[in-house]
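S.K.: For reference, the structure I am asking about is given below.
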Amino acid sequence: MALSLTPLAGRKGLVVGIANEHSIAAGCAAAFREAGADLAVTYLNEKARRFVEPVATALGADPFLPLDVADDAQLDAVFAAIAAKWGKLDFLLHSIAYCRKEDLHGRVVDTSRDGFAEAMDISVHSLLRMAKRAEPLMADGGSILTVSYYGAEKVVDNYNVMGPVKAALESCVRYLAAELGPQGIRVNALSPGPLMTRAASGIAHFDALLDEARARAPERQVVTIEDVGAIALYYVSDAARRVTGNVAYIDAGINVMA
């Protein structure tokens, strides 16, 4: 059977987490759009809008709306806009994470109670809140993707409290896959290797992490947002119709190395 060049033609997707054109979410969105999907895109606030809007414009994204996931009213507004415009949602990309700088740069054991709770709320529980709102719009099935990192599984220098946070995120993926599977909704996580994104710039000694990744990876390469986008496209397409609860490593093989 010949493969379609536009496997997402007629599909509607929501992309949350574009900070600028270098974001993982931007690479995924570009792949979705090239495959024929119509996209809704969000931006955090007015300060962030000027960095996200050029990406959204290039994607032809509509709706294009503000979304601070800590604000349930904004979440409701985004999903209401999607329901009004499309009446359905075929896929959702959740590509957001947050941790206070002082907690990210400190030992896990020293993490503040409020900082830990905030990191979990923004980075993990927001996925649950989005999935709950997406579920009624995915009456014919759908796909939910989030973005993790190898630090969820193994200790990575300087990743600190985000390791436990991403571990919780991956566990939520498995539970959501089990709970939403009967409705035909698949839930998976992407786990890219180190990428120079705005989010990564907050990690101490990130340049050293990139150099180490390039040296240790079996392919002797670091990944790009286009590499991640190609795998994201697979997961939201019918090619992955029987794949759920999975964590997909896109890291040139780093995860297999001791």
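Identifiers for the structure tokens are assigned positionally: chains receive A, B, ... in sequence, residues are indexed from 1 per chain, and ligands are indexed from 1 in the order shown.
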List as JSON, numbers by chain the protein and nucleic acid residues near Ala19 of chain A, meaning an atom at most 8 Å away when only C-alpha atoms are counted, but skip any in the same chain fewer than 5 places from it.
M.R.: {"A": [43, 48, 51, 52, 198]}
S.K.: Select from segment 46-245 of chain A everything DSSP, run on the backbone, classes as strand (DSSP E or B), then give the selection as a list of chain:residue names.
M.R.: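 Result set for segment 46-245 of chain A (strand (DSSP E or B)): A:Phe64, A:Leu65, A:Pro66, A:Phe91, A:Leu92, A:Leu93, A:His94, A:Gly142, A:Ser143, A:Ile144, A:Leu145, A:Thr146, A:Val147, A:Ile185, A:Arg186, A:Val187, A:Asn188, A:Ala189, A:Leu190, A:Ser191, A:Pro192.
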S.K.: Generate the output file for the selected residues, N, CA and C atoms, as an mmCIF file, in the first residue's frame.
M.R.:
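What ended up in selection-v3.cif:
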```
data_model
loop_
_atom_site.group_PDB
_atom_site.id
_atom_site.type_symbol
_atom_site.label_atom_id
_atom_site.label_comp_id
_atom_site.auth_asym_id
_atom_site.auth_seq_id
_atom_site.Cartn_x
_atom_site.Cartn_y
_atom_site.Cartn_z
ATOM 1 N N PHE A 64 -5.157 30.833 17.517
ATOM 2 C CA PHE A 64 -3.874 31.200 18.119
ATOM 3 C C PHE A 64 -4.211 31.972 19.382
ATOM 4 N N LEU A 65 -3.987 31.336 20.536
ATOM 5 C CA LEU A 65 -4.538 31.857 21.777
ATOM 6 C C LEU A 65 -3.531 31.818 22.926
ATOM 7 N N PRO A 66 -3.710 32.705 23.923
ATOM 8 C CA PRO A 66 -2.860 32.643 25.111
ATOM 9 C C PRO A 66 -3.224 31.437 25.966
ATOM 10 N N PHE A 91 -5.423 15.355 17.600
ATOM 11 C CA PHE A 91 -4.195 15.116 18.360
ATOM 12 C C PHE A 91 -3.811 16.355 19.157
ATOM 13 N N LEU A 92 -3.034 16.093 20.194
ATOM 14 C CA LEU A 92 -2.584 17.134 21.113
ATOM 15 C C LEU A 92 -1.114 16.901 21.419
ATOM 16 N N LEU A 93 -0.311 17.960 21.329
ATOM 17 C CA LEU A 93 1.087 17.910 21.752
ATOM 18 C C LEU A 93 1.258 18.803 22.967
ATOM 19 N N HIS A 94 1.653 18.204 24.084
ATOM 20 C CA HIS A 94 1.948 18.901 25.332
ATOM 21 C C HIS A 94 3.463 18.934 25.470
ATOM 22 N N GLY A 142 -8.024 9.464 19.048
ATOM 23 C CA GLY A 142 -7.048 10.530 18.878
ATOM 24 C C GLY A 142 -5.716 10.142 19.464
ATOM 25 N N SER A 143 -4.817 11.112 19.502
ATOM 26 C CA SER A 143 -3.459 10.874 19.973
ATOM 27 C C SER A 143 -3.010 12.041 20.840
ATOM 28 N N ILE A 144 -2.441 11.724 21.995
ATOM 29 C CA ILE A 144 -1.895 12.723 22.902
ATOM 30 C C ILE A 144 -0.406 12.441 23.072
ATOM 31 N N LEU A 145 0.396 13.453 22.884
ATOM 32 C CA LEU A 145 1.849 13.335 23.024
ATOM 33 C C LEU A 145 2.360 14.321 24.067
ATOM 34 N N THR A 146 3.359 13.898 24.831
ATOM 35 C CA THR A 146 4.066 14.810 25.707
ATOM 36 C C THR A 146 5.563 14.622 25.482
ATOM 37 N N VAL A 147 6.361 15.444 26.147
ATOM 38 C CA VAL A 147 7.808 15.422 25.922
ATOM 39 C C VAL A 147 8.532 15.186 27.244
ATOM 40 N N ILE A 185 -8.129 6.565 22.272
ATOM 41 C CA ILE A 185 -7.176 7.659 22.436
ATOM 42 C C ILE A 185 -5.840 7.086 22.884
ATOM 43 N N ARG A 186 -4.818 7.335 22.096
ATOM 44 C CA ARG A 186 -3.475 6.843 22.400
ATOM 45 C C ARG A 186 -2.669 7.944 23.083
ATOM 46 N N VAL A 187 -1.828 7.551 24.034
ATOM 47 C CA VAL A 187 -1.019 8.512 24.791
ATOM 48 C C VAL A 187 0.421 8.012 24.815
ATOM 49 N N ASN A 188 1.342 8.842 24.350
ATOM 50 C CA ASN A 188 2.749 8.461 24.272
ATOM 51 C C ASN A 188 3.635 9.648 24.649
ATOM 52 N N ALA A 189 4.893 9.336 24.942
ATOM 53 C CA ALA A 189 5.870 10.377 25.261
ATOM 54 C C ALA A 189 7.038 10.317 24.297
ATOM 55 N N LEU A 190 7.517 11.485 23.922
ATOM 56 C CA LEU A 190 8.749 11.610 23.154
ATOM 57 C C LEU A 190 9.873 11.904 24.142
ATOM 58 N N SER A 191 11.022 11.270 23.962
ATOM 59 C CA SER A 191 12.164 11.517 24.843
ATOM 60 C C SER A 191 13.389 11.857 23.998
ATOM 61 N N PRO A 192 13.502 13.129 23.605
ATOM 62 C CA PRO A 192 14.643 13.521 22.772
ATOM 63 C C PRO A 192 15.937 13.600 23.581
#
```
S.K.: Taking only C-alpha atoms into account, name the residue in A:Val15, A:Cys28, A:Ala131, A:Ala37 that is nearest to Cys172 of chain A.
M.R.: A:Ala131
S.K.: Of the residues A:Asn20, A:Ala208, A:Ala81, A:Ala177, which is the one nearest to Asp157 of chain A, using only C-alpha atoms?
M.R.: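 That would be A:Ala208, the residue with the smallest distance to Asp157 of chain A.
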S.K.: What separation in Å, quoted to one decimal, exists between atom CA of Tyr150 of chain A and atom CA of Gly193 of chain A?
M.R.: 7.4 Å
S.K.: Closest to Thr224 of chain A among A:Ala240, A:Ile250, A:Val161, A:Ala77, using only C-alpha atoms?
M.R.: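 Closest candidate: A:Ile250.
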S.K.: For each of A:Glu53, A:Glu21, A:Gly27, A:Lys12, take the minimum atom-to-atom distance to Leu39 of chain A, counting only C-alpha atoms, then give the residue where this is smallest.
M.R.: A:Lys12
S.K.: Taking 3 positions as the minimum chain separation for residues in the same chain, which residues sit within 10 Å of Val109 of chain A when counting only C-alpha atoms? Answer as an NGL selection string.
M.R.: :A and (103 or 106 or 112 or 160-161)
S.K.: Just checking: using only C-alpha atoms, which residue out of A:Ala30, A:Cys99, A:Ala56, A:Leu14 ends up closest to Leu233 of chain A?
M.R.: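 Looking only at the distances to Leu233 of chain A, the closest residue turns out to be A:Ala30.
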S.K.: Excluding His125 of chain A and any residue of its chain fewer than 6 positions from it, enumerate the residues within 12 Å of it, using only C-alpha atoms, and give them as a PDB file with N, CA, C and O atoms, in the first residue's frame.
M.R.:
```pdb
ATOM      1  N   VAL A  69      -1.050  27.391  31.606  1.00  0.00           N
ATOM      2  CA  VAL A  69      -1.744  26.172  32.034  1.00  0.00           C
ATOM      3  C   VAL A  69      -2.095  26.185  33.517  1.00  0.00           C
ATOM      4  O   VAL A  69      -2.860  25.326  33.973  1.00  0.00           O
ATOM      5  N   ALA A  70      -1.550  27.145  34.273  1.00  0.00           N
ATOM      6  CA  ALA A  70      -1.939  27.268  35.673  1.00  0.00           C
ATOM      7  C   ALA A  70      -3.315  27.912  35.818  1.00  0.00           C
ATOM      8  O   ALA A  70      -3.902  27.890  36.898  1.00  0.00           O
ATOM      9  N   ASP A  72      -7.039  27.710  34.828  1.00  0.00           N
ATOM     10  CA  ASP A  72      -8.059  26.830  34.255  1.00  0.00           C
ATOM     11  C   ASP A  72      -8.995  27.566  33.306  1.00  0.00           C
ATOM     12  O   ASP A  72      -9.506  26.974  32.339  1.00  0.00           O
ATOM     13  N   HIS A  94       1.653  18.204  24.084  1.00  0.00           N
ATOM     14  CA  HIS A  94       1.948  18.901  25.332  1.00  0.00           C
ATOM     15  C   HIS A  94       3.463  18.934  25.470  1.00  0.00           C
ATOM     16  O   HIS A  94       4.097  17.907  25.688  1.00  0.00           O
ATOM     17  N   ILE A  96       5.532  21.247  27.501  1.00  0.00           N
ATOM     18  CA  ILE A  96       5.819  22.313  28.457  1.00  0.00           C
ATOM     19  C   ILE A  96       6.385  21.732  29.739  1.00  0.00           C
ATOM     20  O   ILE A  96       6.052  20.622  30.144  1.00  0.00           O
ATOM     21  N   ALA A  97       7.265  22.489  30.345  1.00  0.00           N
ATOM     22  CA  ALA A  97       7.827  22.127  31.641  1.00  0.00           C
ATOM     23  C   ALA A  97       8.316  23.398  32.302  1.00  0.00           C
ATOM     24  O   ALA A  97       8.697  24.360  31.633  1.00  0.00           O
ATOM     25  N   TYR A  98       8.296  23.389  33.636  1.00  0.00           N
ATOM     26  CA  TYR A  98       8.764  24.565  34.358  1.00  0.00           C
ATOM     27  C   TYR A  98       9.299  24.143  35.714  1.00  0.00           C
ATOM     28  O   TYR A  98       8.743  23.245  36.369  1.00  0.00           O
ATOM     29  N   ALA A 117       6.055  21.405  44.171  1.00  0.00           N
ATOM     30  CA  ALA A 117       4.643  21.357  43.816  1.00  0.00           C
ATOM     31  C   ALA A 117       4.366  22.118  42.519  1.00  0.00           C
ATOM     32  O   ALA A 117       3.593  21.666  41.666  1.00  0.00           O
ATOM     33  N   GLU A 118       5.022  23.278  42.362  1.00  0.00           N
ATOM     34  CA  GLU A 118       4.814  24.072  41.154  1.00  0.00           C
ATOM     35  C   GLU A 118       5.365  23.366  39.922  1.00  0.00           C
ATOM     36  O   GLU A 118       4.719  23.358  38.861  1.00  0.00           O
ATOM     37  N   ALA A 119       6.549  22.767  40.043  1.00  0.00           N
ATOM     38  CA  ALA A 119       7.133  22.040  38.916  1.00  0.00           C
ATOM     39  C   ALA A 119       6.239  20.879  38.502  1.00  0.00           C
ATOM     40  O   ALA A 119       6.030  20.626  37.307  1.00  0.00           O
ATOM     41  N   ALA A 131      -5.664  16.516  28.894  1.00  0.00           N
ATOM     42  CA  ALA A 131      -6.253  15.252  28.443  1.00  0.00           C
ATOM     43  C   ALA A 131      -7.735  15.194  28.795  1.00  0.00           C
ATOM     44  O   ALA A 131      -8.557  14.711  28.001  1.00  0.00           O
ATOM     45  N   LYS A 132      -8.083  15.671  29.975  1.00  0.00           N
ATOM     46  CA  LYS A 132      -9.487  15.657  30.403  1.00  0.00           C
ATOM     47  C   LYS A 132     -10.352  16.507  29.470  1.00  0.00           C
ATOM     48  O   LYS A 132     -11.467  16.110  29.106  1.00  0.00           O
ATOM     49  N   THR A 146       3.359  13.898  24.831  1.00  0.00           N
ATOM     50  CA  THR A 146       4.066  14.810  25.707  1.00  0.00           C
ATOM     51  C   THR A 146       5.563  14.622  25.482  1.00  0.00           C
ATOM     52  O   THR A 146       5.968  13.753  24.712  1.00  0.00           O
ATOM     53  N   VAL A 165      10.389  14.846  38.272  1.00  0.00           N
ATOM     54  CA  VAL A 165       9.204  15.416  37.616  1.00  0.00           C
ATOM     55  C   VAL A 165       8.906  14.683  36.305  1.00  0.00           C
ATOM     56  O   VAL A 165       7.756  14.308  36.032  1.00  0.00           O
ATOM     57  N   LYS A 166       9.934  14.459  35.487  1.00  0.00           N
ATOM     58  CA  LYS A 166       9.717  13.750  34.223  1.00  0.00           C
ATOM     59  C   LYS A 166       9.358  12.277  34.459  1.00  0.00           C
ATOM     60  O   LYS A 166       8.621  11.674  33.662  1.00  0.00           O
ATOM     61  N   ALA A 168       7.467  11.246  36.868  1.00  0.00           N
ATOM     62  CA  ALA A 168       6.026  11.312  37.122  1.00  0.00           C
ATOM     63  C   ALA A 168       5.251  11.504  35.825  1.00  0.00           C
ATOM     64  O   ALA A 168       4.179  10.918  35.626  1.00  0.00           O
ATOM     65  N   LEU A 169       5.794  12.325  34.929  1.00  0.00           N
ATOM     66  CA  LEU A 169       5.147  12.551  33.637  1.00  0.00           C
ATOM     67  C   LEU A 169       5.030  11.240  32.857  1.00  0.00           C
ATOM     68  O   LEU A 169       3.966  10.921  32.298  1.00  0.00           O
ATOM     69  N   GLU A 170       6.107  10.466  32.821  1.00  0.00           N
ATOM     70  CA  GLU A 170       6.072   9.197  32.080  1.00  0.00           C
ATOM     71  C   GLU A 170       5.104   8.208  32.720  1.00  0.00           C
ATOM     72  O   GLU A 170       4.426   7.441  32.012  1.00  0.00           O
ATOM     73  N   SER A 171       5.001   8.212  34.035  1.00  0.00           N
ATOM     74  CA  SER A 171       4.026   7.346  34.692  1.00  0.00           C
ATOM     75  C   SER A 171       2.603   7.759  34.313  1.00  0.00           C
ATOM     76  O   SER A 171       1.739   6.904  34.056  1.00  0.00           O
ATOM     77  N   CYS A 172       2.358   9.068  34.260  1.00  0.00           N
ATOM     78  CA  CYS A 172       1.033   9.550  33.850  1.00  0.00           C
ATOM     79  C   CYS A 172       0.698   9.112  32.431  1.00  0.00           C
ATOM     80  O   CYS A 172      -0.466   8.803  32.124  1.00  0.00           O
ATOM     81  N   VAL A 173       1.696   9.082  31.560  1.00  0.00           N
ATOM     82  CA  VAL A 173       1.474   8.614  30.188  1.00  0.00           C
ATOM     83  C   VAL A 173       0.925   7.192  30.202  1.00  0.00           C
ATOM     84  O   VAL A 173      -0.030   6.869  29.486  1.00  0.00           O
ATOM     85  N   LEU A 176      -2.698   7.217  31.652  1.00  0.00           N
ATOM     86  CA  LEU A 176      -3.627   7.796  30.680  1.00  0.00           C
ATOM     87  C   LEU A 176      -3.859   6.844  29.511  1.00  0.00           C
ATOM     88  O   LEU A 176      -4.989   6.726  29.011  1.00  0.00           O
TER      89      LEU A 176
END
```
S.K.: From the list A:Gly13, A:Pro194, A:Gly245, A:Pro164, which residue is nearest Leu89 of chain A when using only C-alpha atoms?
M.R.: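 Smallest separation from Leu89 of chain A among the options: A:Gly13.
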S.K.: Could you tell me, as a PyMOL selection string, which residues of segment 75-186 of chain A DSSP assigns to helix (DSSP H, G or I) when given the backbone?
M.R.: chain A and resi 75-85+101-104+108-110+113-137+150-152+162-183
S.K.: Which polymer residues have any atom within 12 Å of an atom of Gly60 of chain A, counting only C-alpha atoms, with same-chain residues fewer than 2 positions away left out, as an mmCIF file with C-alpha atoms, in the first residue's frame?
M.R.:
```
data_model
loop_
_atom_site.group_PDB
_atom_site.id
_atom_site.type_symbol
_atom_site.label_atom_id
_atom_site.label_comp_id
_atom_site.auth_asym_id
_atom_site.auth_seq_id
_atom_site.Cartn_x
_atom_site.Cartn_y
_atom_site.Cartn_z
ATOM 1 C CA ALA A 29 4.291 21.469 14.516
ATOM 2 C CA ALA A 30 6.164 21.950 11.238
ATOM 3 C CA PHE A 32 2.320 18.076 11.405
ATOM 4 C CA ARG A 33 1.566 20.976 9.090
ATOM 5 C CA GLU A 34 3.651 19.585 6.232
ATOM 6 C CA GLY A 36 -1.571 18.254 6.029
ATOM 7 C CA ALA A 37 -2.866 18.968 9.531
ATOM 8 C CA ASP A 38 -4.682 22.125 10.617
ATOM 9 C CA LEU A 39 -3.200 23.453 13.833
ATOM 10 C CA ALA A 40 -4.151 25.478 16.868
ATOM 11 C CA VAL A 41 -1.181 27.017 18.685
ATOM 12 C CA GLU A 53 3.475 34.518 16.561
ATOM 13 C CA PRO A 54 5.881 34.318 13.587
ATOM 14 C CA VAL A 55 5.965 30.532 13.994
ATOM 15 C CA ALA A 56 2.181 30.337 14.283
ATOM 16 C CA THR A 57 1.750 32.555 11.218
ATOM 17 C CA ALA A 58 4.086 30.363 9.158
ATOM 18 C CA ASP A 62 -5.888 29.220 13.875
ATOM 19 C CA PRO A 63 -6.922 29.415 16.691
ATOM 20 C CA PHE A 64 -3.874 31.200 18.119
#
```
